[in-house]
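S.K.: Got a structure here, written out as structure tokens. Questions coming.
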Amino acid sequence: MSTYGSDNVAAVLVNGYDWLSYVQNVRWKKAAVLTDATVLGDPWRKNADSTVRESELSFEGFYDDAVTSAIDARAIADFGVANVVTLMADGNTLGLYFEGFRGPLEESYERMIDLGDLHKVGVQYSGSQEVESGRIVKALAAVTADGNSDASDIDGLAASADGCTGYLQLTAITLDTATNLIVTLRDSSDAASWAAITGGAFTARTAIGAQRIAVAAAADTPKQYISCGWTWTGGAGAGSTATFMAGLHRIGTAQQ
């Protein structure tokens, strides 16, 4: 059995900003929406699965008035809009699980001031669209040249045929002489011959931010082994650097 504590949390990523140094509590919940299926004559109430799912997500942390990066500034800037959220609750290591939220809407922002305590904020999201568990294929770290994680591939145990989704969180980037950075999901059937997954390229990046992509279902998509590749368009200069993480969720799989 593996156990985890608060010290295992590696990042709390919201639209390319890492709130880890501000957040004290994170709560999220996924639930099935049930409908009353009881009819006359039934001695007990019956519920049926409507097949609709719902989620909740909330953060509580320290108030900070940094202009662009702190939880307070970002929460106000993103108020009422959809977000891409990635929680790296188990750690920042290839193959560990992450939780990806496709587009939760920031519903409320709360400022909390109490005697004898530091100022705090609370941010509540209304669940909107998918919440997905996936595997980290690129740990959150800086890169300065083209590369990939093929040598540290993630074994999915078997190929899939339902497609996949990918999550990218880019927290810092300096282009220098490069035009942009392109991050791509990759797969292999034997962990030796690698190729980009068709439809698995994220939008070319020139600034911090986040994105979720969906790869259509197809035979052996994704294949058994998965990884990530990145390329500087125009070539990396001496000052080119980017810090990002990427993850992949196999559709139809509870944890992958």
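Please note that chains go A, B, ... in the order of the structure tokens, that every chain numbers its residues from 1, and that ligands are numbered from 1 in the order shown.
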Give me the residues within 8 Å of Thr184 in chain A as an mmCIF file with N, CA and C atoms, in the first residue's frame, counting only C-alpha atoms and dropping any in the same chain fewer than 5 places off.

M.R.:
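part_3.cif, freshly written:
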data_model
loop_
_atom_site.group_PDB
_atom_site.id
_atom_site.type_symbol
_atom_site.label_atom_id
_atom_site.label_comp_id
_atom_site.auth_asym_id
_atom_site.auth_seq_id
_atom_site.Cartn_x
_atom_site.Cartn_y
_atom_site.Cartn_z
ATOM 1 N N ALA A 196 5.054 10.564 -32.759
ATOM 2 C CA ALA A 196 4.045 11.449 -32.182
ATOM 3 C C ALA A 196 2.664 10.833 -32.361
ATOM 4 N N ILE A 197 1.825 10.942 -31.362
ATOM 5 C CA ILE A 197 0.439 10.489 -31.468
ATOM 6 C C ILE A 197 -0.310 11.440 -32.399
ATOM 7 N N GLY A 200 -1.867 14.591 -31.180
ATOM 8 C CA GLY A 200 -1.350 14.731 -29.832
ATOM 9 C C GLY A 200 -0.429 15.917 -29.610
ATOM 10 N N ALA A 201 -0.445 16.893 -30.519
ATOM 11 C CA ALA A 201 0.405 18.073 -30.356
ATOM 12 C C ALA A 201 -0.385 19.207 -29.714
ATOM 13 N N PHE A 202 0.200 19.817 -28.706
ATOM 14 C CA PHE A 202 -0.404 20.995 -28.097
ATOM 15 C C PHE A 202 -0.129 22.219 -28.975
ATOM 16 N N CYS A 228 6.637 11.865 -23.936
ATOM 17 C CA CYS A 228 6.406 13.251 -24.351
ATOM 18 C C CYS A 228 7.635 13.766 -25.081
ATOM 19 N N GLY A 229 7.433 14.611 -26.078
ATOM 20 C CA GLY A 229 8.548 15.242 -26.775
ATOM 21 C C GLY A 229 8.341 16.743 -26.855
ATOM 22 N N TRP A 230 9.419 17.490 -26.992
ATOM 23 C CA TRP A 230 9.320 18.953 -27.099
ATOM 24 C C TRP A 230 10.385 19.470 -28.057
#

S.K.: List as a PyMOL selection string the protein and nucleic acid residues near range 13-20 of chain A, meaning an atom at most 6 Å away when only C-alpha atoms are counted, but skip any in the same chain fewer than 2 places from it.

M.R.: chain A and resi 11+22-23+84-86+169-171+208-210

S.K.: Please, what distance in Å, to one decimal, runs between CA of Gln129 in chain A and CA of Ser55 in chain A?

M.R.: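 Separation of CA of Gln129 in chain A and CA of Ser55 in chain A: 8.5 Å.
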
S.K.: Give me, as a PyMOL selection string, the residues of range 68-143 of chain A that a backbone DSSP run labels helix (DSSP H, G or I).

M.R.: chain A and resi 71-77

S.K.: Could you take the residues named above and write them with N, CA and C atoms, as a PDB file, in the first residue's frame?

M.R.:
ATOM      1  N   ILE A  71      -2.158  33.729  -5.846  1.00  0.00           N
ATOM      2  CA  ILE A  71      -3.492  33.156  -5.901  1.00  0.00           C
ATOM      3  C   ILE A  71      -4.558  34.239  -5.955  1.00  0.00           C
ATOM      4  N   ASP A  72      -4.377  35.341  -5.231  1.00  0.00           N
ATOM      5  CA  ASP A  72      -5.380  36.398  -5.200  1.00  0.00           C
ATOM      6  C   ASP A  72      -5.532  37.062  -6.567  1.00  0.00           C
ATOM      7  N   ALA A  73      -4.413  37.439  -7.163  1.00  0.00           N
ATOM      8  CA  ALA A  73      -4.465  38.115  -8.459  1.00  0.00           C
ATOM      9  C   ALA A  73      -5.041  37.216  -9.538  1.00  0.00           C
ATOM     10  N   ARG A  74      -4.619  35.958  -9.545  1.00  0.00           N
ATOM     11  CA  ARG A  74      -5.108  35.043 -10.577  1.00  0.00           C
ATOM     12  C   ARG A  74      -6.583  34.748 -10.384  1.00  0.00           C
ATOM     13  N   ALA A  75      -7.020  34.574  -9.137  1.00  0.00           N
ATOM     14  CA  ALA A  75      -8.428  34.271  -8.877  1.00  0.00           C
ATOM     15  C   ALA A  75      -9.318  35.412  -9.336  1.00  0.00           C
ATOM     16  N   ILE A  76      -8.881  36.634  -9.112  1.00  0.00           N
ATOM     17  CA  ILE A  76      -9.673  37.784  -9.551  1.00  0.00           C
ATOM     18  C   ILE A  76      -9.667  37.880 -11.072  1.00  0.00           C
ATOM     19  N   ALA A  77      -8.513  37.652 -11.697  1.00  0.00           N
ATOM     20  CA  ALA A  77      -8.421  37.744 -13.150  1.00  0.00           C
ATOM     21  C   ALA A  77      -9.254  36.675 -13.844  1.00  0.00           C
TER      22      ALA A  77
END

S.K.: What's the 8 Å shell around range 137-150 of chain A, counting only C-alpha atoms, without same-chain residues fewer than 2 positions away, as a ChimeraX atom specification?

M.R.: /A:92-95,135,152-154,191,194,226-232,236,239-248

S.K.: Could those selected residues go to a file with N, CA and C atoms, as a compact mmCIF listing (two decimals), in the first residue's frame?

M.R.:
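As a result, selection09.txt now contains:
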# COMPACT_ATOMS: atom_id res chain seq x y z
N ASN A 92 6.08 14.72 -8.26
CA ASN A 92 6.51 15.24 -9.56
C ASN A 92 7.48 14.26 -10.21
N THR A 93 6.99 13.06 -10.45
CA THR A 93 7.82 12.00 -11.02
C THR A 93 7.09 11.36 -12.18
N LEU A 94 7.82 11.05 -13.24
CA LEU A 94 7.21 10.39 -14.39
C LEU A 94 6.46 9.13 -13.96
N GLY A 95 5.26 8.98 -14.49
CA GLY A 95 4.46 7.80 -14.20
C GLY A 95 3.49 7.95 -13.06
N ARG A 135 -1.46 9.95 -16.20
CA ARG A 135 -0.07 9.71 -15.80
C ARG A 135 0.81 10.86 -16.29
N SER A 152 12.32 7.15 -20.41
CA SER A 152 11.64 6.92 -19.13
C SER A 152 10.15 6.75 -19.38
N ASP A 153 9.84 5.92 -20.38
CA ASP A 153 8.46 5.76 -20.84
C ASP A 153 7.55 5.23 -19.73
N ILE A 154 6.25 5.44 -19.93
CA ILE A 154 5.24 4.96 -19.01
C ILE A 154 4.53 3.77 -19.64
N ALA A 191 8.38 0.24 -26.85
CA ALA A 191 9.30 1.08 -26.06
C ALA A 191 10.64 1.27 -26.76
N TRP A 194 9.47 5.08 -31.54
CA TRP A 194 8.56 6.10 -31.05
C TRP A 194 8.06 7.01 -32.16
N ILE A 226 3.84 5.28 -23.42
CA ILE A 226 3.63 6.69 -23.72
C ILE A 226 4.79 7.53 -23.19
N SER A 227 5.00 8.65 -23.86
CA SER A 227 6.05 9.58 -23.45
C SER A 227 5.68 10.97 -23.96
N CYS A 228 6.64 11.87 -23.94
CA CYS A 228 6.41 13.25 -24.35
C CYS A 228 7.63 13.77 -25.08
N GLY A 229 7.43 14.61 -26.08
CA GLY A 229 8.55 15.24 -26.77
C GLY A 229 8.34 16.74 -26.85
N TRP A 230 9.42 17.49 -26.99
CA TRP A 230 9.32 18.95 -27.10
C TRP A 230 10.38 19.47 -28.06
N THR A 231 10.01 20.50 -28.82
CA THR A 231 10.87 21.05 -29.85
C THR A 231 10.76 22.56 -29.86
N TRP A 232 11.91 23.22 -29.94
CA TRP A 232 11.95 24.66 -30.10
C TRP A 232 11.92 24.99 -31.59
N ALA A 236 16.68 26.32 -30.27
CA ALA A 236 16.84 26.96 -28.97
C ALA A 236 18.09 27.83 -28.95
N GLY A 239 19.61 31.40 -24.35
CA GLY A 239 18.73 31.79 -23.25
C GLY A 239 17.35 31.17 -23.32
N SER A 240 17.13 30.24 -24.25
CA SER A 240 15.81 29.60 -24.37
C SER A 240 15.58 28.64 -23.20
N THR A 241 14.47 28.82 -22.51
CA THR A 241 14.14 27.93 -21.40
C THR A 241 12.64 27.91 -21.19
N ALA A 242 12.11 26.76 -20.79
CA ALA A 242 10.69 26.63 -20.52
C ALA A 242 10.49 25.63 -19.40
N THR A 243 9.56 25.94 -18.51
CA THR A 243 9.23 25.03 -17.41
C THR A 243 7.78 24.57 -17.61
N PHE A 244 7.59 23.26 -17.73
CA PHE A 244 6.26 22.75 -17.99
C PHE A 244 6.13 21.30 -17.53
N MET A 245 4.88 20.85 -17.41
CA MET A 245 4.57 19.45 -17.19
C MET A 245 3.56 19.02 -18.24
N ALA A 246 3.53 17.73 -18.53
CA ALA A 246 2.55 17.19 -19.45
C ALA A 246 2.07 15.85 -18.92
N GLY A 247 0.80 15.55 -19.16
CA GLY A 247 0.24 14.29 -18.71
C GLY A 247 -0.75 13.73 -19.72
N LEU A 248 -1.00 12.44 -19.63
CA LEU A 248 -1.90 11.76 -20.56
C LEU A 248 -2.89 10.91 -19.79

S.K.: To one decimal place, how far is CA of Pro222 in chain A from CA of Cys164 in chain A in Å?

M.R.: 6.7 Å

S.K.: Write out as a ChimeraX atom specification the set of residues from range 21-169 of chain A that DSSP, computed on the backbone, places in strand (DSSP E).

M.R.: /A:23-36,47-62,85-88,97-101,105-112,120-126,131-143,147-148,154-155,164-169

S.K.: Excluding same-chain residues fewer than 4 positions from Val81 in chain A, what lies within 9 Å of it counting only C-alpha atoms, as a ChimeraX atom specification?

M.R.: /A:77,103-107

S.K.: Take CA of Ala218 in chain A and CA of His249 in chain A and report the distance between them in Å, one decimal.

M.R.: 15.0 Å

S.K.: Check the smallest atom-to-atom distance from each of A:Gly100, A:Gly80, A:Gly199, A:Gly235 to Ile136 in chain A using only C-alpha atoms, then report the winner.

M.R.: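 Nearest to Ile136 in chain A: A:Gly100.
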
S.K.: Quick one: residues within 10 Å of Leu34 in chain A, only C-alpha atoms counted, chain neighbours fewer than 4 positions away excluded, as a list of chain:residue names?

M.R.: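 Everything that qualifies: A:Lys46, A:Asn47, A:Ala48, A:Asp49, A:Ser50, A:Thr51, A:Val52, A:Arg53.
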
S.K.: Please produce an output containing N, CA and C atoms for each residue in the selection, written as a compact mmCIF listing (two decimals), in the first residue's frame.

M.R.:
# COMPACT_ATOMS: atom_id res chain seq x y z
N LYS A 46 -35.93 3.74 -4.94
CA LYS A 46 -34.91 3.28 -5.88
C LYS A 46 -34.30 4.49 -6.59
N ASN A 47 -33.02 4.43 -6.80
CA ASN A 47 -32.32 5.46 -7.56
C ASN A 47 -31.70 4.84 -8.81
N ALA A 48 -31.64 5.63 -9.88
CA ALA A 48 -31.02 5.19 -11.13
C ALA A 48 -29.94 6.18 -11.53
N ASP A 49 -28.95 5.67 -12.21
CA ASP A 49 -27.85 6.50 -12.68
C ASP A 49 -28.29 7.27 -13.92
N SER A 50 -28.24 8.59 -13.84
CA SER A 50 -28.63 9.42 -14.99
C SER A 50 -27.55 9.43 -16.07
N THR A 51 -26.37 8.89 -15.75
CA THR A 51 -25.14 8.86 -16.57
C THR A 51 -24.48 10.24 -16.66
N VAL A 52 -25.03 11.23 -15.98
CA VAL A 52 -24.39 12.54 -15.90
C VAL A 52 -23.47 12.55 -14.69
N ARG A 53 -22.29 13.15 -14.85
CA ARG A 53 -21.33 13.27 -13.75
C ARG A 53 -21.15 14.73 -13.38

S.K.: Using only C-alpha atoms, can you tell me which of A:Ala238, A:Val131, A:Ala89, A:Val26 comes closest to Gly5 in chain A?

M.R.: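 Under the stated criterion, the closest residue is A:Ala89.
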
S.K.: Need to verify the contact set: Ile113 in chain A, 12 Å, only C-alpha atoms, exclusion of same-chain residues closer than 6 positions in sequence. Can you return it as a VMD selection string?

M.R.: chain A and resid 61 to 63 119 to 122

S.K.: So, counting only C-alpha atoms, which residue among A:Val39, A:Ala159, A:Ala10, A:Val33 is closest to Gly91 in chain A?

M.R.: A:Ala10

S.K.: Give me the residues near range 204-207 of chain A as a list of chain:residue names, where near means some atom within 6 Å (using only C-alpha atoms) and where sequence neighbours in that chain fewer than 3 positions away do not count.

M.R.: A:Asn180, A:Leu181, A:Ile182
